[in-house]
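Listing of data.txt, compact mmCIF, C-alpha atoms and all ligand atoms
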# COMPACT_ATOMS: atom_id res chain seq x y z
CA MET X 1388 94.85 -80.41 118.32
CA GLN X 1389 94.57 -78.16 115.32
CA PRO X 1390 91.92 -75.78 113.96
CA LYS X 1391 89.55 -77.86 111.85
CA ASN X 1392 87.32 -77.06 108.85
CA HIS X 1393 89.28 -73.95 108.16
CA ILE X 1394 86.83 -71.75 106.35
CA SER X 1395 88.41 -69.93 103.44
CA ALA X 1396 85.53 -67.79 102.14
CA PRO X 1397 85.29 -64.36 103.78
CA LEU X 1398 82.49 -64.62 106.29
CA HIS X 1399 80.12 -61.93 107.53
CA PHE X 1400 81.21 -60.51 110.90
CA ASP X 1401 78.21 -62.08 112.66
CA THR X 1402 79.04 -65.49 111.19
CA GLN X 1403 82.68 -65.14 112.20
CA THR X 1404 81.65 -64.66 115.83
CA ILE X 1405 80.17 -68.18 115.69
CA ARG X 1406 82.25 -70.05 113.11
CA SER X 1407 85.79 -68.69 113.40
CA ALA X 1408 88.48 -70.62 115.32
CA HIS X 1409 86.57 -73.87 114.91
CA TRP X 1410 88.90 -76.23 116.75
CA GLN X 1411 87.88 -79.83 117.31
CA SER X 1412 89.48 -82.69 119.23
CA GLN X 1413 89.25 -86.39 118.29
CA ALA X 1414 85.90 -86.50 120.10
CA ASN X 1415 84.32 -84.38 117.33
CA GLU X 1416 82.59 -82.17 119.86
CA HIS X 1417 80.30 -79.52 118.33
CA SER X 1418 80.67 -76.90 121.06
CA GLN X 1419 84.37 -76.17 121.54
CA ALA X 1420 85.96 -77.96 124.48
CA LEU X 1421 87.31 -76.45 127.67
CA PHE X 1422 90.90 -77.63 128.20
CA LEU X 1423 91.14 -77.14 131.93
CA THR X 1424 94.73 -78.21 132.39
CA SER X 1425 97.78 -76.39 133.68
CA SER X 1426 100.32 -78.68 132.02
CA TYR X 1427 100.79 -81.21 129.19
CA THR X 1428 102.73 -84.45 128.81
CA PHE X 1429 105.62 -85.29 126.52
CA GLN X 1430 106.42 -88.48 124.59
CA SER X 1431 109.98 -88.70 125.90
CA ALA X 1432 112.73 -86.69 127.55
CA GLN X 1433 113.95 -85.72 124.07
CA ASP X 1434 110.42 -84.63 123.13
CA ALA X 1435 110.21 -82.46 126.28
CA ALA X 1436 113.57 -80.87 125.50
CA ASP X 1437 112.55 -80.13 121.90
CA ILE X 1438 109.28 -78.55 123.00
CA PHE X 1439 110.88 -76.38 125.72
CA ALA X 1440 113.59 -75.22 123.31
CA GLU X 1441 110.85 -74.36 120.77
CA ARG X 1442 112.31 -76.73 118.19
CA LYS X 1443 108.93 -78.43 118.12
CA PRO X 1444 105.62 -76.56 118.49
CA ALA X 1445 103.46 -78.10 121.21
CA TYR X 1446 101.81 -77.17 124.48
CA SER X 1447 103.97 -77.35 127.59
CA TYR X 1448 102.43 -75.21 130.34
CA SER X 1449 99.27 -73.08 130.36
CA ARG X 1450 100.99 -69.87 131.47
CA PHE X 1451 102.65 -70.14 128.02
CA ALA X 1452 99.71 -71.41 125.97
CA ASN X 1453 96.48 -73.36 126.25
CA PRO X 1454 94.19 -74.60 123.43
CA THR X 1455 91.05 -72.91 124.82
CA VAL X 1456 92.92 -69.62 125.27
CA ASN X 1457 94.29 -69.95 121.71
CA MET X 1458 90.74 -70.43 120.35
CA PHE X 1459 89.58 -67.23 122.04
CA GLU X 1460 92.64 -65.36 120.76
CA GLN X 1461 92.08 -66.57 117.21
CA ARG X 1462 88.40 -65.62 117.18
CA LEU X 1463 88.96 -62.13 118.60
CA ASN X 1464 91.91 -61.64 116.24
CA GLN X 1465 89.66 -62.36 113.28
CA LEU X 1466 86.93 -60.01 114.53
CA GLU X 1467 89.40 -57.13 115.05
CA GLY X 1468 91.28 -57.82 111.81
CA GLY X 1469 94.60 -58.29 113.62
CA ALA X 1470 97.73 -60.27 112.82
CA ARG X 1471 98.17 -61.75 116.30
CA THR X 1472 96.10 -61.60 119.48
CA ILE X 1473 97.32 -62.42 122.97
CA ALA X 1474 94.83 -62.95 125.79
CA ALA X 1475 95.56 -61.51 129.23
CA ALA X 1476 94.17 -62.08 132.72
CA THR X 1477 92.48 -58.66 132.83
CA GLY X 1478 92.28 -55.46 130.80
CA MET X 1479 94.91 -53.88 133.05
CA GLY X 1480 97.06 -57.01 132.69
CA ALA X 1481 96.86 -56.51 128.91
CA ILE X 1482 97.95 -52.85 129.15
CA LEU X 1483 100.74 -53.62 131.63
CA SER X 1484 102.05 -56.49 129.48
CA LEU X 1485 102.21 -54.42 126.31
CA THR X 1486 103.95 -51.53 128.05
CA LEU X 1487 106.54 -53.83 129.68
CA ALA X 1488 107.12 -55.53 126.32
CA LEU X 1489 107.43 -52.43 124.16
CA LEU X 1490 108.93 -49.78 126.47
CA GLU X 1491 112.32 -49.30 128.07
CA GLN X 1492 113.65 -47.02 130.76
CA GLY X 1493 113.81 -43.48 129.38
CA ASP X 1494 110.91 -43.95 126.95
CA HIS X 1495 108.00 -41.55 126.74
CA VAL X 1496 104.26 -42.13 126.31
CA ILE X 1497 101.48 -39.72 125.36
CA CYS X 1498 98.16 -40.76 126.84
CA ALA X 1499 94.75 -39.15 126.54
CA ARG X 1500 93.73 -37.57 129.84
CA ASN X 1501 90.23 -38.87 129.03
CA SER X 1502 90.98 -42.46 130.06
CA PHE X 1503 90.01 -45.15 132.54
CA GLY X 1504 91.19 -44.40 136.10
CA SER X 1505 93.50 -47.42 136.54
CA THR X 1506 95.08 -46.77 133.12
CA LEU X 1507 95.98 -43.24 134.22
CA VAL X 1508 97.37 -44.53 137.52
CA LEU X 1509 99.51 -47.09 135.66
CA PHE X 1510 100.98 -44.49 133.31
CA THR X 1511 101.39 -41.58 135.72
CA GLN X 1512 102.27 -43.33 138.99
CA ILE X 1513 103.53 -46.88 138.39
CA LEU X 1514 105.57 -46.78 135.16
CA THR X 1515 107.31 -43.58 136.34
CA LYS X 1516 109.05 -45.74 139.01
CA PHE X 1517 110.85 -47.48 136.14
CA GLY X 1518 111.85 -44.32 134.28
CA ILE X 1519 108.96 -44.35 131.77
CA HIS X 1520 107.23 -40.99 131.67
CA THR X 1521 103.83 -40.05 130.33
CA THR X 1522 102.40 -36.75 129.16
CA LEU X 1523 98.63 -36.46 129.45
CA VAL X 1524 96.80 -34.59 126.71
CA ASP X 1525 93.19 -33.85 125.76
CA LEU X 1526 91.97 -36.58 123.42
CA ASN X 1527 90.49 -34.15 120.89
CA ASP X 1528 93.20 -31.46 120.92
CA HIS X 1529 95.67 -32.63 118.26
CA GLN X 1530 97.92 -29.64 118.88
CA GLN X 1531 98.51 -30.99 122.40
CA TRP X 1532 99.45 -34.44 120.99
CA GLN X 1533 101.80 -32.76 118.53
CA ASN X 1534 103.40 -30.53 121.18
CA ALA X 1535 103.90 -33.47 123.54
CA CYS X 1536 105.94 -35.48 120.99
CA GLN X 1537 109.57 -36.05 121.95
CA PRO X 1538 112.33 -38.02 120.19
CA ASN X 1539 111.82 -40.82 122.78
CA THR X 1540 108.01 -40.98 122.39
CA LYS X 1541 107.14 -44.63 121.72
CA LEU X 1542 103.39 -44.91 122.30
CA PHE X 1543 100.21 -42.89 121.82
CA PHE X 1544 97.53 -44.39 124.09
CA LEU X 1545 93.83 -43.59 123.89
CA GLU X 1546 90.30 -44.92 124.35
CA SER X 1547 87.45 -44.21 121.97
CA PRO X 1548 84.71 -43.84 123.08
CA ALA X 1549 86.65 -42.67 126.13
CA ASN X 1550 85.76 -43.51 129.71
CA PRO X 1551 83.82 -41.71 131.20
CA MET X 1552 82.84 -38.72 128.99
CA LEU X 1553 82.56 -40.74 125.74
CA ASN X 1554 84.82 -38.49 123.67
CA ILE X 1555 85.47 -39.90 120.21
CA ALA X 1556 89.01 -39.88 118.80
CA ASP X 1557 89.92 -39.09 115.22
CA LEU X 1558 91.72 -42.41 114.91
CA SER X 1559 93.24 -42.03 111.44
CA ALA X 1560 94.56 -38.51 112.15
CA LEU X 1561 96.18 -39.64 115.42
CA ALA X 1562 97.58 -42.79 113.77
CA GLN X 1563 99.19 -40.57 111.14
CA LEU X 1564 100.64 -38.23 113.76
CA ALA X 1565 101.98 -41.15 115.83
CA HIS X 1566 103.62 -42.72 112.78
CA GLN X 1567 105.22 -39.40 111.75
CA HIS X 1568 106.97 -39.52 115.13
CA ASN X 1569 107.83 -43.25 114.91
CA ALA X 1570 105.39 -43.99 117.73
CA LYS X 1571 102.73 -46.70 117.82
CA LEU X 1572 99.05 -45.93 118.30
CA ILE X 1573 97.38 -48.10 120.96
CA VAL X 1574 93.58 -47.99 121.10
CA ASP X 1575 91.56 -49.33 124.02
CA ASN X 1576 88.46 -50.56 122.14
CA CYS X 1577 86.60 -51.72 125.24
CA PHE X 1578 83.56 -49.44 124.83
CA ALA X 1579 83.01 -50.02 121.10
CA THR X 1580 84.04 -53.70 120.71
CA PRO X 1581 84.90 -54.89 117.17
CA TYR X 1582 81.17 -54.96 116.40
CA HIS X 1583 81.09 -51.15 116.32
CA GLN X 1584 84.70 -50.27 115.54
CA GLN X 1585 87.88 -51.94 114.23
CA PRO X 1586 90.70 -49.48 115.03
CA ILE X 1587 93.35 -51.43 113.04
CA GLN X 1588 91.43 -50.52 109.87
CA HIS X 1589 92.02 -46.87 110.74
CA GLY X 1590 95.76 -47.20 111.38
CA ALA X 1591 96.00 -48.36 115.02
CA ASP X 1592 99.01 -50.58 115.65
CA ILE X 1593 97.58 -52.33 118.69
CA VAL X 1594 94.07 -52.69 120.13
CA VAL X 1595 93.56 -53.55 123.79
CA HIS X 1596 90.45 -54.90 125.45
CA SER X 1597 89.06 -55.33 128.89
CA ALA X 1598 87.17 -58.52 127.98
CA THR X 1599 85.59 -58.19 131.43
CA LYS X 1600 83.13 -55.75 129.89
CA TYR X 1601 81.16 -56.30 126.68
CA ILE X 1602 83.09 -59.36 125.49
CA ASP X 1603 81.90 -61.30 128.54
CA GLY X 1604 78.68 -59.32 128.51
CA GLN X 1605 77.19 -60.89 131.61
CA GLY X 1606 79.43 -59.60 134.40
CA ARG X 1607 80.94 -62.98 135.27
CA ILE X 1608 84.68 -63.00 134.81
CA LEU X 1609 87.81 -60.89 134.29
CA GLY X 1610 89.78 -60.94 131.04
CA GLY X 1611 91.80 -58.86 128.64
CA ALA X 1612 93.39 -59.03 125.22
CA ILE X 1613 96.01 -57.37 123.04
CA VAL X 1614 95.36 -57.43 119.30
CA CYS X 1615 98.44 -56.57 117.24
CA ALA X 1616 98.35 -55.36 113.66
CA TYR X 1617 101.96 -56.57 113.22
CA PRO X 1618 103.29 -60.04 114.13
CA ASP X 1619 106.56 -58.64 115.55
CA ASP X 1620 104.71 -56.69 118.25
CA GLY X 1621 102.61 -59.78 118.92
CA ASP X 1622 105.68 -61.94 119.41
CA LYS X 1623 107.35 -59.46 121.78
CA ILE X 1624 104.21 -59.03 123.85
CA TYR X 1625 103.52 -62.78 123.97
CA ARG X 1626 107.04 -63.53 125.26
CA THR X 1627 106.76 -60.88 127.97
CA LEU X 1628 103.24 -61.85 129.03
CA ARG X 1629 103.93 -65.58 129.33
CA THR X 1630 106.95 -64.83 131.54
CA ILE X 1631 105.41 -62.20 133.83
CA GLY X 1632 102.31 -64.39 134.17
CA THR X 1633 99.52 -62.07 133.14
CA SER X 1634 98.11 -65.00 131.13
CA MET X 1635 94.40 -65.73 130.79
CA GLY X 1636 93.02 -68.88 132.41
CA ALA X 1637 91.35 -71.57 130.29
CA PHE X 1638 87.97 -71.27 132.00
CA GLU X 1639 87.84 -67.52 131.39
CA ALA X 1640 88.85 -68.08 127.77
CA TRP X 1641 86.07 -70.61 127.27
CA ILE X 1642 83.44 -68.24 128.70
CA LEU X 1643 84.71 -65.39 126.52
CA PHE X 1644 84.96 -67.56 123.40
CA LYS X 1645 81.29 -68.53 123.78
CA SER X 1646 80.32 -64.95 124.68
CA LEU X 1647 81.66 -63.67 121.37
CA GLU X 1648 78.94 -65.74 119.64
CA THR X 1649 76.30 -63.32 120.94
CA LEU X 1650 78.35 -60.11 120.68
CA PRO X 1651 76.55 -58.73 117.57
CA LEU X 1652 73.09 -59.35 119.05
CA ARG X 1653 74.00 -57.86 122.41
CA MET X 1654 75.79 -54.79 121.06
CA ALA X 1655 73.04 -54.00 118.56
CA ARG X 1656 70.46 -54.08 121.35
CA HIS X 1657 72.63 -52.16 123.85
CA SER X 1658 73.16 -49.41 121.27
CA GLN X 1659 69.54 -49.24 120.19
CA THR X 1660 68.32 -48.97 123.79
CA ALA X 1661 71.05 -46.49 124.80
CA LEU X 1662 70.12 -44.13 121.97
CA GLN X 1663 66.47 -44.19 123.10
CA ILE X 1664 67.40 -43.54 126.73
CA ALA X 1665 69.91 -40.78 125.83
CA THR X 1666 67.29 -39.04 123.68
CA TRP X 1667 64.78 -39.26 126.53
CA LEU X 1668 67.27 -38.07 129.16
CA GLU X 1669 68.12 -34.99 127.08
CA GLN X 1670 64.49 -33.87 127.44
CA GLN X 1671 64.33 -34.23 131.24
CA PRO X 1672 64.33 -30.96 133.21
CA GLN X 1673 66.54 -32.39 136.02
CA ILE X 1674 69.34 -33.28 133.59
CA ALA X 1675 71.95 -30.62 132.78
CA SER X 1676 73.63 -32.42 129.88
CA VAL X 1677 73.80 -35.80 128.17
CA HIS X 1678 76.96 -37.13 126.53
CA TYR X 1679 76.20 -39.89 124.04
CA PRO X 1680 78.09 -40.25 120.74
CA GLY X 1681 74.85 -41.02 118.88
CA LEU X 1682 73.24 -37.67 119.78
CA PRO X 1683 73.70 -34.77 117.34
CA SER X 1684 74.54 -32.63 120.41
CA HIS X 1685 77.67 -34.72 121.12
CA PRO X 1686 80.78 -32.62 120.34
CA GLN X 1687 82.33 -35.40 118.21
CA HIS X 1688 79.12 -36.76 116.69
CA HIS X 1689 80.69 -36.38 113.23
CA LEU X 1690 83.64 -38.57 114.28
CA ALA X 1691 81.26 -41.09 115.85
CA GLN X 1692 79.44 -41.31 112.51
CA LYS X 1693 82.76 -41.87 110.76
CA TYR X 1694 84.26 -44.50 113.07
CA LEU X 1695 81.38 -46.31 114.79
CA LYS X 1696 79.26 -48.70 112.74
CA ASN X 1697 75.84 -50.18 113.58
CA GLY X 1698 75.26 -47.87 116.54
CA TYR X 1699 77.13 -45.94 119.22
CA GLY X 1700 77.53 -48.29 122.18
CA GLY X 1701 75.69 -48.92 125.43
CA ILE X 1702 77.17 -46.28 127.76
CA ILE X 1703 75.51 -42.92 128.45
CA THR X 1704 77.11 -40.23 130.60
CA PHE X 1705 74.99 -37.42 131.98
CA ASN X 1706 75.25 -34.53 134.39
CA VAL X 1707 72.48 -34.07 136.91
CA LYS X 1708 71.53 -30.46 137.67
CA GLY X 1709 72.86 -29.34 141.03
CA ASP X 1710 75.77 -30.96 142.81
CA LYS X 1711 77.00 -34.35 143.94
CA THR X 1712 74.06 -34.65 146.35
CA ASN X 1713 71.62 -34.47 143.44
CA ALA X 1714 73.59 -37.08 141.48
CA TRP X 1715 73.73 -39.39 144.49
CA THR X 1716 69.99 -38.88 145.18
CA LEU X 1717 69.21 -39.98 141.63
CA ILE X 1718 71.40 -43.08 142.09
CA ASP X 1719 69.91 -43.92 145.50
CA ASN X 1720 66.34 -43.53 144.21
CA SER X 1721 66.77 -45.71 141.14
CA ASP X 1722 64.51 -48.69 141.40
CA TRP X 1723 65.88 -51.92 139.93
CA ILE X 1724 68.97 -50.42 138.25
CA SER X 1725 72.12 -51.80 139.92
CA ILE X 1726 74.51 -49.39 141.62
CA SER X 1727 77.69 -50.93 140.25
CA GLY X 1728 80.87 -49.95 138.45
CA ASN X 1729 81.16 -52.84 135.98
CA LEU X 1730 79.89 -51.82 132.58
CA GLY X 1731 79.06 -54.20 129.74
CA ASP X 1732 76.71 -56.41 131.76
CA ALA X 1733 73.27 -57.35 130.46
CA LYS X 1734 71.95 -55.63 133.60
CA THR X 1735 71.63 -51.85 133.51
CA ILE X 1736 73.93 -50.16 136.01
CA LEU X 1737 74.38 -46.65 137.32
CA THR X 1738 77.60 -45.20 138.73
CA HIS X 1739 79.09 -41.83 139.72
CA PRO X 1740 82.59 -42.09 138.13
CA ASP X 1741 84.03 -39.16 140.08
CA THR X 1742 83.61 -41.00 143.36
CA THR X 1743 84.02 -44.60 142.08
CA THR X 1744 85.91 -45.70 138.95
CA HIS X 1745 87.85 -42.42 138.69
CA TRP X 1746 88.25 -41.47 142.38
CA ARG X 1747 92.00 -42.16 142.40
CA VAL X 1748 92.66 -39.83 139.50
CA SER X 1749 94.02 -36.60 140.92
CA LYS X 1750 92.35 -33.31 140.09
CA LYS X 1751 95.30 -32.51 137.84
CA THR X 1752 94.73 -35.44 135.50
CA LYS X 1753 90.95 -35.59 135.67
CA PRO X 1754 89.22 -34.69 132.41
CA SER X 1755 87.28 -31.49 132.75
CA LEU X 1756 83.64 -32.44 133.03
CA ALA X 1757 81.57 -30.31 130.72
CA SER X 1758 78.79 -28.49 132.59
CA ALA X 1759 81.12 -29.15 135.45
CA PRO X 1760 79.91 -30.45 138.75
CA PRO X 1761 80.81 -28.10 141.60
CA PRO X 1762 84.01 -28.73 143.59
CA SER X 1763 82.14 -30.84 146.12
CA ALA X 1764 81.89 -33.54 143.44
CA SER X 1765 85.66 -33.97 143.35
CA PRO X 1766 87.30 -36.62 145.47
CA SER X 1767 89.68 -35.46 148.15
CA ASP X 1768 92.53 -37.88 147.41
C1 LIG Z 1 87.56 -51.72 132.84
C2 LIG Z 1 88.42 -51.07 131.86
C3 LIG Z 1 89.79 -51.39 131.78
C4 LIG Z 1 90.45 -52.35 132.74
O1 LIG Z 1 89.99 -53.65 132.57
P1 LIG Z 1 90.01 -54.76 133.75
O2 LIG Z 1 89.51 -55.99 133.04
O3 LIG Z 1 89.12 -54.28 134.83
O4 LIG Z 1 91.43 -54.88 134.19
C5 LIG Z 1 90.54 -50.79 130.81
N1 LIG Z 1 90.00 -49.89 129.96
C6 LIG Z 1 88.70 -49.54 130.01
C7 LIG Z 1 88.16 -48.56 129.04
C8 LIG Z 1 87.87 -50.12 130.96
O5 LIG Z 1 86.57 -49.76 131.03

Whole structure, structure tokens version:
Amino acid sequence: MQPKNHISAPLHFDTQTIRSAHWQSQANEHSQALFLTSSYTFQSAQDAADIFAERKPAYSYSRFANPTVNMFEQRLNQLEGGARTIAAATGMGAILSLTLALLEQGDHVICARNSFGSTLVLFTQILTKFGIHTTLVDLNDHQQWQNACQPNTKLFFLESPANPMLNIADLSALAQLAHQHNAKLIVDNCFATPYHQQPIQHGADIVVHSATKYIDGQGRILGGAIVCAYPDDGDKIYRTLRTIGTSMGAFEAWILFKSLETLPLRMARHSQTALQIATWLEQQPQIASVHYPGLPSHPQHHLAQKYLKNGYGGIITFNVKGDKTNAWTLIDNSDWISISGNLGDAKTILTHPDTTTHWRVSKKTKPSLASAPPPSASPSD
């Protein structure tokens, strides 16, 4: 099966979310099919041999490739403006696959300290077992990035907006610095999605996603993706991922492919509502500070205006006056808001990162929380 009705005219982003990667089987289905199959058949023994040896392009086994997964990859690739996208089982599976593909023993990574908890654990505790070392730096302190560069530095890794304090990176400046040192810039674009930000346009070499979040948008499934600006990186990562088995399943791909059709509508509404709530929160006497990239009070509001289009995303971080008890009281007294750690759902959620999503991050690596909560708010791990 091949992509059909290949549309040549450049389409508006919103139209691409619906019309790109328009694959059709002989049944002429209108909604793209779900190919729920782990394997494929061959015409003959010779045919099987040719396909396994990659002399003939065809599907052989779904850990390697699956039509539904390919559709999702193609659509996301178009939305991010990439050269090649590879889907992964989860966001962490995407990050692990790209690091195993691109790094070797003895290599060095610089990662923003302001990152998702599991990402920090991967870089500072797991990859070190294999001789890959990471220096953590403050996302917005370029001198720290510069000082951390070594001859063996291969990757700069960051999120923007960053989890959980929503710092905004100066993407083009950091891309330039990475390239001066022959390193690649990897951007986790999970919070912005391609609707708000396309990091490859600003010099990123690779974009990673936890598709579990806004790409799904309804809190149903796990997924991830790696969008490469250069086909060579894409090829290396694909070959590693299909062997280590961090591949996305067809059902997940089908859900995510259909979810992308509503991404612009969902993100526009998330961002519009978040700005209203952030503005309101800033005026509440019980709130010490609000961190939202769309507020003029945000320390990188100017960068948010430069890099984020059509709004500033659906996540708001705020400090409650007092200590952890006050924060927990607010959470426990919320009415219909879910106490949950999975962002990007249509349902509003509330979480205390310091004791949930970021509890494993040691005090040493934890980003300093502005208007800092007292020590009692730190986990004891
Ligand atoms: C959730 C998340 C991840 C990890 O994604 P999973 O799909 O849970 O593996 C990575 N980066 C960010 C910014 C996230 O929020």

Can I get the residues of chain X within 10 Å of ligand LIG 1 (chain Z), each with the closest pair of atoms and their distance in Å to one decimal, using only C-alpha atoms and all ligand atoms, sorted chain first then ascending number, as a tab-separated table?
residue	atom	partner	partner_atom	distance
X:Ala1475	CA	Z:LIG1	O2	9.0
X:Ala1476	CA	Z:LIG1	O2	7.7
X:Thr1477	CA	Z:LIG1	O2	4.0
X:Gly1478	CA	Z:LIG1	O1	3.4
X:Met1479	CA	Z:LIG1	O4	3.8
X:Gly1480	CA	Z:LIG1	O4	6.2
X:Ala1481	CA	Z:LIG1	O4	7.7
X:Ile1482	CA	Z:LIG1	C5	7.9
X:Leu1483	CA	Z:LIG1	O4	9.7
X:Asn1501	CA	Z:LIG1	C7	9.9
X:Ser1502	CA	Z:LIG1	C7	6.8
X:Phe1503	CA	Z:LIG1	C7	5.2
X:Gly1504	CA	Z:LIG1	C5	8.3
X:Ser1505	CA	Z:LIG1	C4	6.9
X:Thr1506	CA	Z:LIG1	C5	6.5
X:Leu1507	CA	Z:LIG1	N1	9.9
X:Leu1545	CA	Z:LIG1	C7	9.1
X:Glu1546	CA	Z:LIG1	C7	6.3
X:Ser1547	CA	Z:LIG1	C7	8.3
X:Pro1548	CA	Z:LIG1	C7	8.3
X:Ala1549	CA	Z:LIG1	C7	6.7
X:Asn1550	CA	Z:LIG1	C7	5.6
X:Pro1551	CA	Z:LIG1	C7	8.4
X:Val1574	CA	Z:LIG1	C7	9.6
X:Asp1575	CA	Z:LIG1	C7	6.1
X:Asn1576	CA	Z:LIG1	C7	7.2
X:Cys1577	CA	Z:LIG1	C7	5.2
X:Phe1578	CA	Z:LIG1	C7	6.3
X:Ala1579	CA	Z:LIG1	C7	9.6
X:Val1595	CA	Z:LIG1	N1	8.0
X:His1596	CA	Z:LIG1	C5	6.8
X:Ser1597	CA	Z:LIG1	O1	4.2
X:Ala1598	CA	Z:LIG1	O2	6.1
X:Thr1599	CA	Z:LIG1	O2	4.8
X:Lys1600	CA	Z:LIG1	C1	6.7
X:Tyr1601	CA	Z:LIG1	O5	9.5
X:Ile1608	CA	Z:LIG1	O2	8.7
X:Leu1609	CA	Z:LIG1	O2	5.3
X:Gly1610	CA	Z:LIG1	O2	5.3
X:Gly1611	CA	Z:LIG1	O2	5.7
X:Ala1612	CA	Z:LIG1	O2	9.2
X:Gly1728	CA	Z:LIG1	C1	8.9
X:Asn1729	CA	Z:LIG1	C1	7.2
X:Leu1730	CA	Z:LIG1	O5	7.2
X:Gly1731	CA	Z:LIG1	O5	8.8
X:Thr1744	CA	Z:LIG1	C1	8.7

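Distances to X:Ala1691 were evaluated for X:Ala1556, X:Ile1438, X:Leu1542, X:Ile1473 using only C-alpha atoms, and the minimum falls at X:Ala1556.
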
Give me, as a CSV table (one decimal) with C-alpha atoms, in the frame of the given file, all polymer residues having an atom no more than 12 Å from X:Ile1674, counting all atoms listed in the file and skipping those fewer than 6 positions away in the same chain.
chain,number,residue,atom,x,y,z
X,1665,ALA,CA,69.9,-40.8,125.8
X,1666,THR,CA,67.3,-39.0,123.7
X,1667,TRP,CA,64.8,-39.3,126.5
X,1668,LEU,CA,67.3,-38.1,129.2
X,1704,THR,CA,77.1,-40.2,130.6
X,1705,PHE,CA,75.0,-37.4,132.0
X,1706,ASN,CA,75.2,-34.5,134.4
X,1707,VAL,CA,72.5,-34.1,136.9
X,1708,LYS,CA,71.5,-30.5,137.7
X,1709,GLY,CA,72.9,-29.3,141.0
X,1710,ASP,CA,75.8,-31.0,142.8
X,1713,ASN,CA,71.6,-34.5,143.4
X,1714,ALA,CA,73.6,-37.1,141.5
X,1717,LEU,CA,69.2,-40.0,141.6
X,1758,SER,CA,78.8,-28.5,132.6

Legend entry - Neighbour list for X:Leu1662 as a count of residues only, cut-off 8 Å, all atoms listed in the file, skip fewer than 3 positions in-chain: 8

Legend entry - Atomic separation - atom CA of X:Ile1613 relative to atom CA of X:Val1594, Å: 5.8 Å

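Coordinates place atom CA of X:Glu1467 at a distance of 22.3 Å from atom CA of X:Ala1733.
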
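A straight line drawn from atom CA of X:Gly1604 to atom CA of X:Met1458 is 18.3 Å long.
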
Inset, instruction - Taking (81.4, -76.8, 118.6) in the file's own coordinates, collect the residues within 12 Å, counting only C-alpha atoms, and hand them back as an NGL selection string. - result: :X and (1390-1392 or 1405-1412 or 1414-1421 or 1458 or 1641 or 1644-1645 or 1648)

Legend entry - Of the listed residues X:Thr1580, X:Ser1727, X:Ile1593, X:His1678, that which approaches X:Ala1655 most closely, counting only C-alpha atoms: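 Among the listed residues, X:Thr1580 lies closest to X:Ala1655.
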
With all atoms listed in the file as the counted atoms, please give the residues lying no more than 7 Å from stretch 1461-1466 of chain X, apart from itself and same-chain residues fewer than 4 positions off, as an mmCIF file with C-alpha atoms, keeping the file's coordinate frame.
data_model
loop_
_atom_site.group_PDB
_atom_site.id
_atom_site.type_symbol
_atom_site.label_atom_id
_atom_site.label_comp_id
_atom_site.auth_asym_id
_atom_site.auth_seq_id
_atom_site.Cartn_x
_atom_site.Cartn_y
_atom_site.Cartn_z
ATOM 1 C CA PHE X 1400 81.210 -60.510 110.900
ATOM 2 C CA THR X 1404 81.650 -64.660 115.830
ATOM 3 C CA SER X 1407 85.790 -68.690 113.400
ATOM 4 C CA ALA X 1408 88.480 -70.620 115.320
ATOM 5 C CA ASN X 1457 94.290 -69.950 121.710
ATOM 6 C CA ALA X 1470 97.730 -60.270 112.820
ATOM 7 C CA ARG X 1471 98.170 -61.750 116.300
ATOM 8 C CA THR X 1472 96.100 -61.600 119.480
ATOM 9 C CA PRO X 1581 84.900 -54.890 117.170
ATOM 10 C CA VAL X 1614 95.360 -57.430 119.300
#

Legend entry - From X:Lys1734, X:Arg1653, X:His1520, X:His1739, residue lying nearest X:Ile1718 [only C-alpha atoms]: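 For X:Ile1718, the nearest of the candidates is X:His1739.
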
Inset, instruction - Identify, on the basis of all atoms listed in the file, every residue whose closest approach to X:Thr1521 does not exceed 10 Å; exclude the query and any residue fewer than 6 positions from it along the same chain; express the result as a ChimeraX atom specification. - result: /X:1494-1499,1507,1509-1512,1514-1515,1535,1540,1542-1544

Inset, instruction - Select, from X:Gly1493, X:Trp1723, X:Ala1565, X:Asn1534, the residue with the minimum atom-to-atom distance to X:Ile1519, counting all atoms listed in the file. - result: X:Gly1493

Inset, instruction - Would you mind telling me which residue in X:Ser1634, X:Asp1620, X:Ser1449, X:Ile1702 lies nearest to X:Thr1660 when using all atoms listed in the file? - result: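 So, comparing all the options, the nearest one is X:Ile1702.
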